[in-house]
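Engineer: data-v2.txt (compact mmCIF, C-alpha atoms and all ligand atoms) pasted underneath:
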```txt
# COMPACT_ATOMS: atom_id res chain seq x y z
CA MET E 1 -106.02 -73.35 144.38
CA SER E 2 -108.53 -74.58 141.84
CA LEU E 3 -108.35 -73.26 138.30
CA THR E 4 -111.87 -71.87 138.49
CA SER E 5 -110.90 -69.65 141.42
CA LEU E 6 -108.21 -67.85 139.44
CA THR E 7 -108.91 -64.23 138.70
CA GLU E 8 -108.48 -62.93 135.15
CA GLN E 9 -105.23 -61.26 136.17
CA GLU E 10 -103.89 -64.43 137.78
CA GLN E 11 -104.69 -66.39 134.64
CA THR E 12 -102.29 -64.28 132.60
CA VAL E 13 -99.58 -66.45 131.17
CA VAL E 14 -96.51 -66.10 133.36
CA PRO E 15 -93.17 -66.56 131.60
CA GLN E 16 -91.11 -69.40 133.02
CA ALA E 17 -88.31 -68.31 135.32
CA GLU E 18 -85.09 -67.55 133.51
CA GLY E 19 -82.39 -70.18 133.72
CA THR E 20 -84.51 -72.94 135.29
CA GLU E 21 -83.10 -75.53 132.92
CA ASP E 22 -79.51 -74.39 133.51
CA ARG E 23 -79.57 -75.85 137.00
CA LEU E 24 -80.35 -79.29 135.55
CA CYS E 25 -77.85 -78.97 132.74
CA THR E 26 -75.08 -81.52 133.09
CA TYR E 27 -74.32 -83.47 129.95
CA PRO E 28 -74.34 -81.71 126.58
CA VAL E 29 -77.01 -83.07 124.22
CA HIS E 30 -76.49 -83.41 120.48
CA VAL E 31 -78.75 -84.25 117.55
CA VAL E 32 -76.87 -87.14 115.94
CA GLY E 33 -79.45 -88.33 113.43
CA ILE E 34 -82.52 -87.01 111.64
CA GLY E 35 -85.00 -88.54 109.22
CA ALA E 36 -88.46 -88.02 107.83
CA ALA E 37 -91.18 -89.96 106.07
CA VAL E 38 -94.16 -88.83 104.03
CA PRO E 39 -96.77 -90.86 102.19
CA SER E 40 -96.07 -91.11 98.47
CA ASP E 41 -99.67 -90.05 97.60
CA ARG E 42 -100.09 -86.32 96.83
CA LEU E 43 -103.33 -84.33 97.16
CA THR E 44 -103.09 -81.17 95.08
CA ASN E 45 -105.15 -77.99 95.37
CA GLN E 46 -106.61 -78.82 91.95
CA ALA E 47 -107.86 -82.16 93.29
CA LEU E 48 -109.42 -80.36 96.29
CA GLU E 49 -111.27 -78.06 93.88
CA THR E 50 -113.25 -81.13 92.80
CA MET E 51 -114.09 -82.05 96.42
CA VAL E 52 -115.15 -78.75 98.07
CA ASP E 53 -116.05 -75.19 97.07
CA THR E 54 -112.50 -73.84 96.97
CA SER E 55 -109.85 -72.79 94.48
CA ASP E 56 -106.15 -73.26 94.02
CA GLU E 57 -105.84 -69.47 94.04
CA TRP E 58 -107.59 -69.11 97.45
CA ILE E 59 -105.52 -71.84 99.06
CA ARG E 60 -102.22 -70.55 97.68
CA THR E 61 -102.78 -66.91 98.55
CA ARG E 62 -104.31 -67.53 102.02
CA THR E 63 -102.02 -70.35 103.14
CA GLY E 64 -99.11 -70.87 100.72
CA ILE E 65 -100.02 -74.55 100.34
CA ARG E 66 -99.93 -76.19 96.89
CA GLU E 67 -100.19 -79.85 97.84
CA ARG E 68 -100.07 -82.16 100.83
CA ARG E 69 -99.39 -85.89 101.34
CA ILE E 70 -102.20 -88.23 102.35
CA ALA E 71 -101.58 -91.67 103.87
CA PRO E 72 -103.40 -94.39 101.95
CA ALA E 73 -105.27 -96.93 104.10
CA PRO E 74 -104.14 -98.78 106.15
CA LEU E 75 -101.01 -96.65 106.65
CA ALA E 76 -101.06 -95.23 110.19
CA SER E 77 -98.95 -92.78 112.21
CA SER E 78 -96.73 -95.55 113.59
CA ASP E 79 -95.86 -96.68 110.05
CA LEU E 80 -94.70 -93.19 109.11
CA GLY E 81 -92.92 -92.82 112.45
CA PHE E 82 -91.17 -96.15 112.00
CA ALA E 83 -89.96 -95.20 108.52
CA ALA E 84 -88.65 -91.84 109.78
CA ALA E 85 -87.00 -93.51 112.79
CA ARG E 86 -85.15 -95.99 110.60
CA VAL E 87 -83.71 -93.17 108.52
CA ALA E 88 -82.65 -91.21 111.63
CA LEU E 89 -81.08 -94.25 113.30
CA GLU E 90 -79.18 -95.09 110.14
CA GLN E 91 -77.86 -91.55 109.83
CA ALA E 92 -76.83 -91.56 113.48
CA GLY E 93 -75.10 -94.93 113.15
CA VAL E 94 -77.15 -96.03 116.13
CA THR E 95 -78.88 -99.41 116.44
CA PRO E 96 -82.24 -99.75 118.20
CA ALA E 97 -80.43 -101.65 120.97
CA ASP E 98 -78.55 -98.42 121.78
CA LEU E 99 -81.79 -96.57 122.59
CA ASP E 100 -82.71 -95.83 126.20
CA GLU E 101 -86.13 -94.28 125.57
CA ILE E 102 -88.65 -93.55 122.82
CA ILE E 103 -90.93 -90.50 122.86
CA VAL E 104 -93.59 -90.08 120.19
CA ALA E 105 -95.31 -86.72 119.73
CA THR E 106 -98.68 -87.18 118.07
CA VAL E 107 -102.33 -86.11 118.18
CA THR E 108 -103.27 -88.83 115.71
CA PRO E 109 -102.06 -92.01 117.40
CA ASP E 110 -102.85 -95.40 115.84
CA TYR E 111 -105.15 -96.13 118.81
CA GLN E 112 -106.43 -94.35 121.93
CA PHE E 113 -104.25 -96.94 123.60
CA PRO E 114 -101.75 -98.57 123.51
CA SER E 115 -99.38 -95.73 122.77
CA THR E 116 -97.84 -95.32 119.32
CA ALA E 117 -94.44 -95.28 121.05
CA CYS E 118 -94.97 -98.85 122.31
CA LEU E 119 -95.97 -99.99 118.81
CA LEU E 120 -92.86 -98.34 117.45
CA ALA E 121 -90.62 -99.88 120.10
CA ALA E 122 -91.97 -103.33 119.26
CA ARG E 123 -91.29 -102.81 115.56
CA LEU E 124 -87.76 -101.76 116.38
CA GLY E 125 -87.40 -105.03 118.29
CA LEU E 126 -87.13 -103.30 121.65
CA VAL E 127 -88.55 -104.61 124.89
CA GLY E 128 -87.95 -103.06 128.28
CA ILE E 129 -87.11 -99.40 127.62
CA PRO E 130 -89.57 -96.60 128.46
CA ALA E 131 -91.77 -95.61 125.52
CA PHE E 132 -94.57 -93.07 125.71
CA ASP E 133 -96.69 -90.69 123.64
CA LEU E 134 -96.93 -86.98 124.22
CA ALA E 135 -99.85 -84.84 123.00
CA ALA E 136 -98.99 -81.17 122.51
CA GLY E 137 -100.39 -80.65 119.02
CA CYS E 138 -98.09 -78.97 116.56
CA SER E 139 -95.69 -78.05 119.42
CA GLY E 140 -95.30 -81.77 120.16
CA LEU E 141 -91.82 -82.16 118.71
CA MET E 142 -90.54 -79.21 120.78
CA TYR E 143 -92.04 -80.77 123.92
CA ALA E 144 -90.53 -84.18 123.08
CA ILE E 145 -87.09 -82.72 122.45
CA GLU E 146 -87.15 -80.96 125.81
CA GLN E 147 -88.22 -84.14 127.61
CA ALA E 148 -85.42 -86.08 125.93
CA CYS E 149 -82.91 -83.32 126.71
CA GLN E 150 -83.76 -83.22 130.38
CA ALA E 151 -83.41 -86.99 130.68
CA ILE E 152 -80.06 -86.96 128.90
CA ARG E 153 -78.70 -83.90 130.70
CA SER E 154 -79.51 -85.40 134.07
CA GLY E 155 -77.56 -88.52 133.19
CA SER E 156 -80.50 -90.93 133.36
CA ARG E 157 -80.53 -91.60 129.57
CA ARG E 158 -77.77 -91.69 126.99
CA THR E 159 -79.59 -92.01 123.66
CA VAL E 160 -83.24 -91.10 123.06
CA LEU E 161 -85.32 -91.50 119.92
CA VAL E 162 -87.79 -88.67 119.44
CA VAL E 163 -90.46 -89.19 116.79
CA ALA E 164 -93.28 -86.91 115.62
CA ALA E 165 -95.80 -88.79 113.51
CA GLU E 166 -99.19 -87.63 112.27
CA THR E 167 -102.01 -88.72 109.98
CA LEU E 168 -104.17 -85.60 110.24
CA SER E 169 -106.12 -86.74 107.18
CA ARG E 170 -107.90 -89.24 109.47
CA VAL E 171 -109.51 -86.46 111.56
CA VAL E 172 -110.11 -83.93 108.78
CA ASN E 173 -113.58 -83.54 107.28
CA PHE E 174 -113.06 -83.52 103.52
CA HIS E 175 -116.42 -81.73 103.15
CA ASP E 176 -115.24 -78.76 105.27
CA ARG E 177 -113.31 -76.32 103.08
CA ARG E 178 -112.16 -74.27 106.08
CA THR E 179 -109.96 -77.10 107.37
CA CYS E 180 -109.48 -79.82 104.76
CA VAL E 181 -107.18 -77.69 102.60
CA LEU E 182 -104.74 -77.11 105.46
CA PHE E 183 -103.54 -80.46 106.75
CA GLY E 184 -101.38 -83.35 105.58
CA ASP E 185 -99.65 -86.48 106.84
CA GLY E 186 -95.99 -87.09 107.66
CA ALA E 187 -93.40 -87.97 110.28
CA ALA E 188 -89.96 -86.93 111.44
CA ALA E 189 -87.47 -88.45 113.84
CA LEU E 190 -84.41 -87.23 115.74
CA VAL E 191 -81.83 -89.22 117.64
CA LEU E 192 -80.56 -87.22 120.62
CA GLN E 193 -77.42 -88.33 122.38
CA ARG E 194 -75.31 -87.44 125.38
CA ALA E 195 -71.88 -85.98 124.61
CA SER E 196 -68.95 -85.99 127.01
CA LEU E 197 -68.89 -83.34 129.71
CA GLN E 198 -66.07 -81.44 128.02
CA ASP E 199 -68.01 -81.05 124.75
CA GLU E 200 -69.83 -77.91 123.67
CA PRO E 201 -73.63 -78.17 123.92
CA GLY E 202 -75.69 -78.96 120.84
CA ILE E 203 -79.11 -78.12 122.28
CA LEU E 204 -78.65 -74.64 123.74
CA ALA E 205 -82.04 -73.79 125.25
CA THR E 206 -85.72 -74.65 125.20
CA ASN E 207 -88.94 -72.82 125.99
CA LEU E 208 -92.36 -74.45 126.34
CA GLY E 209 -95.73 -73.08 127.36
CA SER E 210 -99.48 -73.62 127.30
CA ASP E 211 -102.73 -71.75 127.67
CA GLY E 212 -105.69 -74.08 128.08
CA ARG E 213 -108.11 -71.17 127.93
CA GLY E 214 -107.84 -71.58 124.17
CA ALA E 215 -108.58 -75.32 124.19
CA HIS E 216 -111.84 -74.82 122.31
CA LEU E 217 -110.12 -73.11 119.38
CA LEU E 218 -108.76 -76.34 117.90
CA VAL E 219 -110.46 -79.53 118.98
CA VAL E 220 -111.70 -82.97 117.94
CA PRO E 221 -114.85 -82.95 120.08
CA ALA E 222 -115.84 -86.64 120.10
CA GLY E 223 -114.06 -89.92 120.73
CA GLY E 224 -112.71 -89.12 124.21
CA SER E 225 -114.22 -89.55 127.67
CA ARG E 226 -116.19 -86.27 127.40
CA LEU E 227 -118.11 -87.36 124.34
CA PRO E 228 -117.51 -91.02 123.50
CA ALA E 229 -117.92 -92.07 119.90
CA SER E 230 -121.48 -93.01 118.98
CA SER E 231 -123.64 -93.09 115.88
CA GLN E 232 -124.85 -89.59 116.88
CA THR E 233 -121.38 -88.09 117.18
CA ILE E 234 -120.51 -89.54 113.80
CA ALA E 235 -123.73 -88.27 112.22
CA GLN E 236 -122.88 -84.80 113.56
CA GLY E 237 -119.29 -84.99 112.35
CA LEU E 238 -117.94 -84.47 115.86
CA HIS E 239 -115.11 -86.94 115.29
CA TYR E 240 -113.58 -84.38 112.91
CA LEU E 241 -111.17 -81.56 113.72
CA GLN E 242 -112.86 -78.18 114.34
CA MET E 243 -110.91 -74.93 114.32
CA SER E 244 -111.36 -71.18 114.77
CA GLY E 245 -108.81 -70.29 112.13
CA SER E 246 -108.46 -66.55 112.61
CA GLU E 247 -108.15 -66.85 116.43
CA VAL E 248 -105.44 -69.47 116.05
CA PHE E 249 -103.72 -67.26 113.47
CA LYS E 250 -103.41 -64.31 115.88
CA PHE E 251 -102.26 -66.53 118.75
CA ALA E 252 -99.68 -68.21 116.49
CA VAL E 253 -98.01 -65.01 115.34
CA ARG E 254 -97.80 -63.70 118.91
CA VAL E 255 -96.37 -66.81 120.58
CA MET E 256 -93.94 -67.62 117.78
CA GLU E 257 -92.34 -64.24 118.23
CA GLU E 258 -92.38 -64.29 122.06
CA SER E 259 -91.15 -67.88 122.40
CA THR E 260 -88.39 -67.33 119.85
CA ARG E 261 -87.16 -64.22 121.64
CA LEU E 262 -87.19 -66.08 124.95
CA VAL E 263 -85.34 -69.17 123.73
CA VAL E 264 -82.70 -67.06 121.98
CA ALA E 265 -82.13 -65.01 125.15
CA ARG E 266 -81.85 -68.19 127.22
CA ALA E 267 -79.21 -69.44 124.81
CA GLY E 268 -77.27 -66.23 125.41
CA LEU E 269 -77.79 -65.11 121.81
CA ARG E 270 -79.60 -62.41 119.85
CA VAL E 271 -82.27 -62.91 117.19
CA GLU E 272 -79.71 -61.65 114.63
CA ASP E 273 -77.55 -64.68 115.49
CA ILE E 274 -80.13 -67.11 114.08
CA ASP E 275 -78.73 -68.71 110.91
CA CYS E 276 -81.74 -70.89 110.19
CA PHE E 277 -85.24 -70.31 111.57
CA ILE E 278 -87.48 -73.36 111.31
CA PRO E 279 -91.06 -72.45 112.23
CA HIS E 280 -94.10 -74.71 112.38
CA GLN E 281 -95.42 -75.01 108.84
CA ALA E 282 -99.11 -74.13 109.18
CA ASN E 283 -99.54 -71.12 106.93
CA VAL E 284 -96.93 -69.09 105.07
CA ARG E 285 -98.67 -65.88 106.18
CA ILE E 286 -98.19 -66.84 109.86
CA ILE E 287 -94.52 -67.58 109.17
CA GLN E 288 -94.02 -64.27 107.35
CA ALA E 289 -95.80 -62.26 110.05
CA ALA E 290 -93.74 -63.84 112.84
CA ALA E 291 -90.49 -63.44 110.89
CA GLU E 292 -91.29 -59.79 110.17
CA ARG E 293 -91.85 -59.08 113.86
CA LEU E 294 -88.54 -60.76 114.61
CA GLY E 295 -86.77 -58.88 111.83
CA LEU E 296 -85.51 -62.08 110.20
CA PRO E 297 -84.68 -61.96 106.48
CA ALA E 298 -86.41 -64.46 104.15
CA GLU E 299 -83.20 -66.32 103.32
CA ARG E 300 -82.85 -67.48 106.94
CA ILE E 301 -86.36 -68.93 107.14
CA MET E 302 -87.18 -72.51 106.17
CA VAL E 303 -90.50 -72.92 104.38
CA ASN E 304 -91.88 -76.15 102.92
CA VAL E 305 -95.57 -75.76 103.78
CA ASP E 306 -96.21 -75.43 100.03
CA ARG E 307 -95.50 -79.14 99.51
CA TYR E 308 -96.73 -80.75 102.74
CA GLY E 309 -99.35 -78.49 104.31
CA ASN E 310 -99.65 -78.61 108.09
CA THR E 311 -98.41 -81.97 109.36
CA SER E 312 -98.87 -80.94 113.01
CA ALA E 313 -96.11 -82.29 115.30
CA ALA E 314 -94.15 -83.60 112.30
CA SER E 315 -93.92 -80.29 110.47
CA ILE E 316 -90.89 -78.72 112.17
CA GLY E 317 -88.95 -81.99 111.94
CA LEU E 318 -89.82 -82.39 108.28
CA ALA E 319 -88.65 -78.82 107.62
CA LEU E 320 -85.43 -79.45 109.61
CA VAL E 321 -84.65 -82.52 107.50
CA GLU E 322 -85.28 -80.61 104.29
CA ALA E 323 -83.15 -77.67 105.42
CA TYR E 324 -80.30 -80.12 106.04
CA GLN E 325 -80.85 -81.85 102.69
CA GLN E 326 -80.77 -78.49 100.93
CA GLY E 327 -77.38 -77.70 102.49
CA ARG E 328 -78.82 -74.86 104.59
CA LEU E 329 -77.36 -76.15 107.88
CA HIS E 330 -73.62 -75.84 108.39
CA PRO E 331 -71.58 -76.98 111.38
CA GLY E 332 -71.71 -74.25 114.01
CA ASP E 333 -74.93 -72.67 112.72
CA VAL E 334 -77.52 -71.47 115.20
CA VAL E 335 -80.84 -73.16 114.42
CA VAL E 336 -84.05 -72.09 116.11
CA MET E 337 -87.22 -74.17 115.80
CA THR E 338 -90.54 -72.83 117.04
CA GLY E 339 -94.11 -74.06 117.00
CA PHE E 340 -97.64 -73.57 118.30
CA GLY E 341 -100.63 -75.83 118.42
CA THR E 342 -103.76 -77.19 119.97
CA GLY E 343 -103.96 -76.95 123.73
CA LEU E 344 -103.10 -74.20 123.19
CA THR E 345 -99.39 -74.87 123.36
CA TRP E 346 -96.15 -73.39 122.11
CA GLY E 347 -92.52 -74.38 122.19
CA SER E 348 -89.08 -73.47 120.87
CA VAL E 349 -85.68 -75.11 120.75
CA ALA E 350 -82.38 -73.34 120.04
CA LEU E 351 -79.44 -75.49 119.01
CA ARG E 352 -76.03 -75.27 117.48
CA TRP E 353 -75.86 -77.54 114.46
CA THR E 354 -73.07 -80.07 114.87
CA ALA E 355 -73.63 -82.68 112.12
CA PRO E 356 -71.31 -82.64 109.09
CA PRO E 357 -72.81 -81.57 105.74
CA PRO E 358 -74.97 -84.33 104.18
CA THR E 359 -73.44 -86.76 101.71
CA PRO E 360 -75.06 -87.07 98.25
CA GLU E 361 -76.56 -90.39 99.42
CA GLN E 362 -78.14 -88.70 102.46
CA VAL E 363 -79.56 -85.92 100.31
CA ARG E 364 -81.34 -88.65 98.36
CA THR E 365 -82.57 -90.79 101.26
CA LEU E 366 -83.41 -88.58 104.25
CA VAL E 367 -87.12 -88.39 103.39
CA TYR E 368 -88.69 -91.80 102.94
CA GLN E 369 -91.73 -92.17 100.65
CA ALA E 370 -94.09 -94.53 102.48
CA THR E 371 -96.72 -96.59 100.68
CA ALA E 372 -99.64 -98.75 101.75
CA ALA E 373 -97.28 -101.72 101.36
CA ASP E 374 -95.38 -100.49 104.43
CA ALA E 375 -98.52 -100.78 106.52
CA ALA E 376 -99.31 -104.20 105.05
CA GLU E 377 -95.80 -105.28 106.04
CA ALA E 378 -96.35 -103.86 109.55
CA LEU E 379 -99.68 -105.61 109.94
CA GLY E 380 -98.00 -108.88 109.04
CA THR E 381 -95.22 -108.33 111.59
CA PRO E 382 -95.81 -109.92 114.97
CA PRO E 383 -95.20 -107.41 117.78
CA ALA E 384 -91.83 -107.43 119.52
CA CYS E 385 -90.16 -109.23 116.61
CA PRO E 386 -86.78 -107.79 115.69
CA SER E 387 -87.36 -105.65 112.61
CA PRO E 388 -84.81 -105.21 109.86
CA LEU E 389 -82.48 -102.36 110.61
CA PRO E 390 -82.21 -99.36 108.36
CA GLY E 391 -79.94 -99.94 105.46
CA GLU E 392 -81.86 -101.49 102.65
CA SER E 393 -83.32 -98.95 100.30
CA LYS E 394 -87.01 -99.24 99.56
CA ASN E 395 -89.28 -97.54 97.03
CA GLY E 396 -86.24 -96.26 95.24
CA VAL E 397 -85.20 -93.93 98.07
N1 LIG E 401 -111.68 -71.95 99.98
C1 LIG E 401 -112.40 -70.84 99.72
N2 LIG E 401 -112.89 -70.01 100.68
C2 LIG E 401 -112.63 -70.36 101.96
C3 LIG E 401 -111.90 -71.50 102.31
C4 LIG E 401 -111.42 -72.31 101.26
N3 LIG E 401 -110.70 -73.43 101.48
N4 LIG E 401 -111.80 -71.56 103.64
C5 LIG E 401 -112.46 -70.50 104.14
N5 LIG E 401 -112.96 -69.78 103.12
C6 LIG E 401 -113.72 -68.56 103.19
C7 LIG E 401 -114.47 -68.40 104.49
O1 LIG E 401 -115.67 -69.11 104.45
C8 LIG E 401 -114.64 -66.91 104.58
O2 LIG E 401 -115.74 -66.56 103.77
P1 LIG E 401 -116.86 -65.53 104.32
O3 LIG E 401 -116.11 -64.25 104.54
O4 LIG E 401 -117.84 -65.49 103.21
O5 LIG E 401 -117.36 -66.15 105.58
C9 LIG E 401 -113.40 -66.34 103.89
O6 LIG E 401 -112.84 -67.44 103.14
C10 LIG E 401 -112.36 -65.83 104.87
O7 LIG E 401 -112.18 -66.77 105.90
P2 LIG E 401 -111.17 -66.52 107.05
O8 LIG E 401 -111.27 -67.65 108.02
O9 LIG E 401 -111.32 -65.13 107.58
O10 LIG E 401 -109.79 -66.61 106.25
P3 LIG E 401 -108.34 -66.37 106.78
O11 LIG E 401 -107.66 -65.39 105.94
O12 LIG E 401 -108.29 -66.19 108.28
O13 LIG E 401 -107.64 -67.78 106.49
C11 LIG E 401 -107.03 -69.79 107.61
C12 LIG E 401 -108.17 -68.95 107.10
C13 LIG E 401 -106.18 -70.20 106.42
C14 LIG E 401 -107.61 -71.02 108.29
C15 LIG E 401 -106.15 -68.98 108.59
O14 LIG E 401 -106.97 -68.35 109.55
C16 LIG E 401 -105.15 -69.82 109.33
O15 LIG E 401 -104.22 -70.32 108.74
N6 LIG E 401 -105.28 -69.95 110.67
C17 LIG E 401 -104.36 -70.72 111.48
C18 LIG E 401 -104.69 -72.15 111.40
C19 LIG E 401 -103.64 -73.02 112.01
O16 LIG E 401 -102.48 -72.68 112.01
N7 LIG E 401 -104.06 -74.16 112.53
C20 LIG E 401 -103.18 -75.16 112.99
C21 LIG E 401 -102.84 -75.08 114.42
S1 LIG E 401 -101.65 -76.23 114.81
C22 LIG E 401 -102.24 -77.74 115.42
O17 LIG E 401 -102.13 -78.05 116.58
C23 LIG E 401 -102.89 -78.72 114.46
```
Would you put the structure from the file into structure tokens?

Structural biologist:
Amino acid sequence: MSLTSLTEQEQTVVPQAEGTEDRLCTYPVHVVGIGAAVPSDRLTNQALETMVDTSDEWIRTRTGIRERRIAPAPLASSDLGFAAARVALEQAGVTPADLDEIIVATVTPDYQFPSTACLLAARLGLVGIPAFDLAAGCSGLMYAIEQACQAIRSGSRRTVLVVAAETLSRVVNFHDRRTCVLFGDGAAALVLQRASLQDEPGILATNLGSDGRGAHLLVVPAGGSRLPASSQTIAQGLHYLQMSGSEVFKFAVRVMEESTRLVVARAGLRVEDIDCFIPHQANVRIIQAAAERLGLPAERIMVNVDRYGNTSAASIGLALVEAYQQGRLHPGDVVVMTGFGTGLTWGSVALRWTAPPPTPEQVRTLVYQATAADAAEALGTPPACPSPLPGESKNGV
């Protein structure tokens, strides 16, 4: 049946059947390493006041954002992803040679092709394993985690590196006050690993969904096969992100609540069992509205949008890393991550935290501060050359 023949009623989003992933569930999957990277350059609200007709007061009260990180040229998404991956691999005590697959969630890849995942694999010195990008907007990390989980649960992979890396500043129009105040750059990485069959599960449940009827609400119109880049598309600013903010706002609040309730039920838990709720960091008002509907108290909700803005796929991972650094995740805690994004898409992951509390050294080093020098180093690195493993501390982190 073609999509155009669907009636309005048939187009209603149908919840996925309960327990579908349970049938595939074999090996328990654990998060064994996490890391993040942000550019060292900050763009404050005060600096934006000099660029567009806005105010620190408007941005803070409407979004909760105070500053965001902007990648200096020629730093690209793969550079941030690589830095985050090194931190996560080091924390996991895993070498690149142990990896069976790399998945990169991004809507701001270095190139249309090749994939950012292949660039990353080459920088990690890896040839031969599957590496692919996944585009699900700000839900990208949730999608990538589920893909990795399914591969590990089924027994076809043992250790998977999941990276979410974005340089939204490259597709934001810094003359458009409605969007340029919202977004920032950053990356996060997770190492997921198979545990033995007798072990308790780390990842408890996932829930993903999409509704392409809202595709027009958040879009970069030009640069794809529909509207290839040309001098006209550039003159019209069609290579920049365009968004219907209030529509996305309403959608976000609704799906964050619904997806969270669903993933918690699939995990056999109640919303009250959530110890740490890590929502996509787009707007503090969206987070508060969703949390209120769920009845979650403020102390269980992780918020860092004030310092990074919306880093799309990277945002939930960046918040997870910070929650861990801040000592908010304890062994046995129930952690629920949930996001929404362009597509439209949504996704949630429920997990039981199994890593030991961070050491003082990890508190200091889990978020890497990337500089343009990192990109210069990458540009000078021939592809597929073994890269130095995590270990040496750079930029004082
Ligand atoms: N500074 C000052 N005024 C502004 C600014 C600004 N930066 N931006 C908009 N305004 C003005 C508007 O022009 C409008 O003025 P008008 O009434 O004279 O026309 C007024 O403020 C109100 O605008 P609204 O859009 O109604 O403001 P709202 O309260 O909805 O906040 C916002 C806008 C922050 C964009 C909000 O709707 C939002 O956060 N939406 C969700 C966005 C989001 O999450 N996107 C990411 C999706 S994830 C992904 O995949 C990347």

Engineer: Rank E:Leu48, E:Ala378, E:Ile203, E:Leu134 by their smallest atom-to-atom distance to ligand LIG 401 (chain E), using only C-alpha atoms and all ligand atoms, and report the top residue only.

Structural biologist: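 Under the stated criterion, the closest residue is E:Leu48.
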
Engineer: Grab me every residue within 7 Å of ligand LIG 401 (chain E), counting all atoms listed in the file, and send it over as a count of residues only.

Structural biologist: 26

Engineer: Which centre and which edge lengths, in Å to one decimal, describe the axis-aligned box that holds all listed atoms of range 187-190 of chain E after 3 Å is added on each side, as lines of an AutoDock Vina configuration file?

Structural biologist:
```
center_x = -88.9
center_y = -87.7
center_z = 113.0
size_x = 15.0
size_y = 7.5
size_z = 11.5
```

Engineer: Suppose you want the space between CA of Asn304 in chain E and CA of Glu322 in chain E; what is it in Å?

Structural biologist: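 About the pair CA of Asn304 in chain E and CA of Glu322 in chain E: they are 8.1 Å apart.
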
Engineer: Return as JSON lines the residues of range 311-394 of chain E lying at most 9 Å from range 143-162 of chain E, together with the closest atom-to-atom pair for each and the distance in Å to one decimal, counting all atoms listed in the file, with rows in chain order and ascending residue number.

Structural biologist:
```
{"residue": "E:Trp346", "atom": "CA", "partner": "E:Tyr143", "partner_atom": "CA", "distance": 8.6}
{"residue": "E:Gly347", "atom": "CA", "partner": "E:Tyr143", "partner_atom": "CA", "distance": 6.6}
{"residue": "E:Ser348", "atom": "CA", "partner": "E:Tyr143", "partner_atom": "CA", "distance": 8.4}
{"residue": "E:Val349", "atom": "CA", "partner": "E:Glu146", "partner_atom": "CA", "distance": 7.9}
```

Engineer: Just the selected residues (C-alpha atoms), exported as a PDB file, in the frame of the given file, please.

Structural biologist:
```pdb
ATOM      1  CA  TRP E 346     -96.150 -73.390 122.110  1.00  0.00           C
ATOM      2  CA  GLY E 347     -92.520 -74.380 122.190  1.00  0.00           C
ATOM      3  CA  SER E 348     -89.080 -73.470 120.870  1.00  0.00           C
ATOM      4  CA  VAL E 349     -85.680 -75.110 120.750  1.00  0.00           C
TER       5      VAL E 349
END
```

Engineer: As an exercise, work out the distance from CA of Gln281 in chain E to CA of Leu320 in chain E in Å and give it to one decimal place.

Structural biologist: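 Between these atoms lies a distance of 11.0 Å.
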
Engineer: Which residue, E:Ala350, E:Ala370, E:Ala164, E:Val94, has the smallest gap to Ala205 in chain E when you use all atoms listed in the file?

Structural biologist: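 Going through E:Ala350, E:Ala370, E:Ala164, E:Val94 one by one, the smallest distance to Ala205 in chain E is for E:Ala350.
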
Engineer: Which residue is closest to Ala131 in chain E? Choose from E:Leu204, E:Ile102, E:Val32, E:Val107 and count only C-alpha atoms.

Structural biologist: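 Looking only at the distances to Ala131 in chain E, the closest residue turns out to be E:Ile102.
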
Engineer: May I ask which of the residues E:Met337, E:Gly295, E:Ile287, E:Pro72 is the closest one to Thr260 in chain E, counting only C-alpha atoms?

Structural biologist: E:Met337

Engineer: For CA of Arg254 in chain E and CA of Ala290 in chain E, quote the distance in Å rounded to one decimal.

Structural biologist: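 Computing it gives 7.3 Å between the two atoms.
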
Engineer: Taking into account only C-alpha atoms, which residue in the set E:Asp333, E:Asp56, E:Asp79, E:Asp185 is nearest to Asp41 in chain E?

Structural biologist: E:Asp185

Engineer: Using only C-alpha atoms, which of E:Leu190, E:Ile301, E:Ala222, E:Leu43 sits nearest Gly237 in chain E?

Structural biologist: E:Ala222

Engineer: With all atoms listed in the file as the counted atoms, please give the residues lying no more than 8 Å from Pro96 in chain E, apart from itself and same-chain residues fewer than 5 positions off, as a PDB file with C-alpha atoms, keeping the file's coordinate frame.

Structural biologist:
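After the write, result02.pdb holds the following:
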```pdb
ATOM      1  CA  LEU E  89     -81.080 -94.250 113.300  1.00  0.00           C
ATOM      2  CA  LEU E 124     -87.760-101.760 116.380  1.00  0.00           C
ATOM      3  CA  GLY E 125     -87.400-105.030 118.290  1.00  0.00           C
ATOM      4  CA  LEU E 126     -87.130-103.300 121.650  1.00  0.00           C
TER       5      LEU E 126
END
```

Engineer: Could you name the residues that touch Pro114 in chain E at 12 Å or less, counting all atoms listed in the file, but leaving out those on the same chain fewer than 5 positions away, as a count of residues only?

Structural biologist: 9

Engineer: Do a neighbour search on Pro331 in chain E at 12 Å with all atoms listed in the file, toss out local chain neighbours closer than 2 positions, and write the hits as a list in words.

Structural biologist: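 Contacts, in chain order: Val31, Gly202, Asp275, Cys276, Tyr324, Gly327, Arg328, Leu329, Asp333, Val334, Val335, Leu351, Arg352, Trp353, Thr354, Ala355, Pro356, Pro357 and Pro358 of chain E.
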
Engineer: With a cut-off of 12 Å, could you pull out the residues of range 175-269 of chain E touching range 314-318 of chain E and give me the nearest pair of atoms for each, distance in Å to one decimal, using only C-alpha atoms, ordered by chain and ascending number, as a Markdown table?

Structural biologist:
```
| residue | atom | partner | partner_atom | distance |
| --- | --- | --- | --- | --- |
| E:Phe183 | CA | E:Ser315 | CA | 10.3 |
| E:Gly184 | CA | E:Ser315 | CA | 9.4 |
| E:Asp185 | CA | E:Ala314 | CA | 8.3 |
| E:Gly186 | CA | E:Ala314 | CA | 6.1 |
| E:Ala187 | CA | E:Ala314 | CA | 4.9 |
| E:Ala188 | CA | E:Gly317 | CA | 5.1 |
| E:Ala189 | CA | E:Gly317 | CA | 6.9 |
| E:Leu190 | CA | E:Gly317 | CA | 7.9 |
| E:Val191 | CA | E:Gly317 | CA | 11.6 |
```
